[in-house]
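Read the structure below first, then the notes.
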Amino acid sequence: MTPNGDLYVAGSIRDVQGIAHWIVRKNPRGTGTWATIDDYQYVAGGSAEPHSMAADASGNLFVGGFGWDAPGSSVHWIVKKY
């Protein structure tokens, strides 16, 4: 939750090709309707998974995780600010 009361969740979902998408959803003030604010792939055809979240006093949300180009390829750490 951010200081203004917005709720966020992050996770991943696999598409029909088995590619993991990094998904972030938001519920304004914890009373509104959930909306997807990010559906992220590391690269086209590559997967990404979020693994941690933090918010600062200014209301910024940071989500950390990793992405990779293809099965068996190198993993790249990612931090995104929302």
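Residues are referred to by chain and number: the chain letter is A, B, ... according to the order shown in the structure tokens, the number counts from 1 in that chain, and ligands are numbered separately from 1 in the order shown.
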Would you list the contacts of Ile13 (chain A) as a PyMOL selection string, taking every protein, DNA or RNA residue within 12 Å and counting only C-alpha atoms, but skipping same-chain residues closer than 6 positions in sequence? chain A and resi 19-24+39-41+47-50
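Near region 2-4 of chain A, within a cut-off of 8 Å and counting only C-alpha atoms, sit the residues Arg29, Ala55, Asp56, Ala57, Ser58, Gly59, Asn60 and Leu61 of chain A, with same-chain residues fewer than 6 positions away left out.
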Enumerate as number ranges by chain all residues of region 14-75 of chain A assigned to strand (DSSP E) by DSSP on the backbone, naming them with the chain letters and numbers the document uses. A: 14, 20-27, 35-40, 47-55, 61-68, 75
Which residues come within 7 Å of Tyr8 (chain A), counting only C-alpha atoms, excluding same-chain residues fewer than 5 positions away, as an mmCIF file with C-alpha atoms, in the first residue's frame?
data_model
loop_
_atom_site.group_PDB
_atom_site.id
_atom_site.type_symbol
_atom_site.label_atom_id
_atom_site.label_comp_id
_atom_site.auth_asym_id
_atom_site.auth_seq_id
_atom_site.Cartn_x
_atom_site.Cartn_y
_atom_site.Cartn_z
ATOM 1 C CA MET A 1 0.000 0.000 0.000
ATOM 2 C CA VAL A 24 0.998 -5.205 -11.778
ATOM 3 C CA ARG A 25 -2.557 -4.354 -10.698
ATOM 4 C CA LYS A 26 -3.824 -1.329 -8.759
ATOM 5 C CA ASN A 27 -6.865 -0.641 -6.602
#
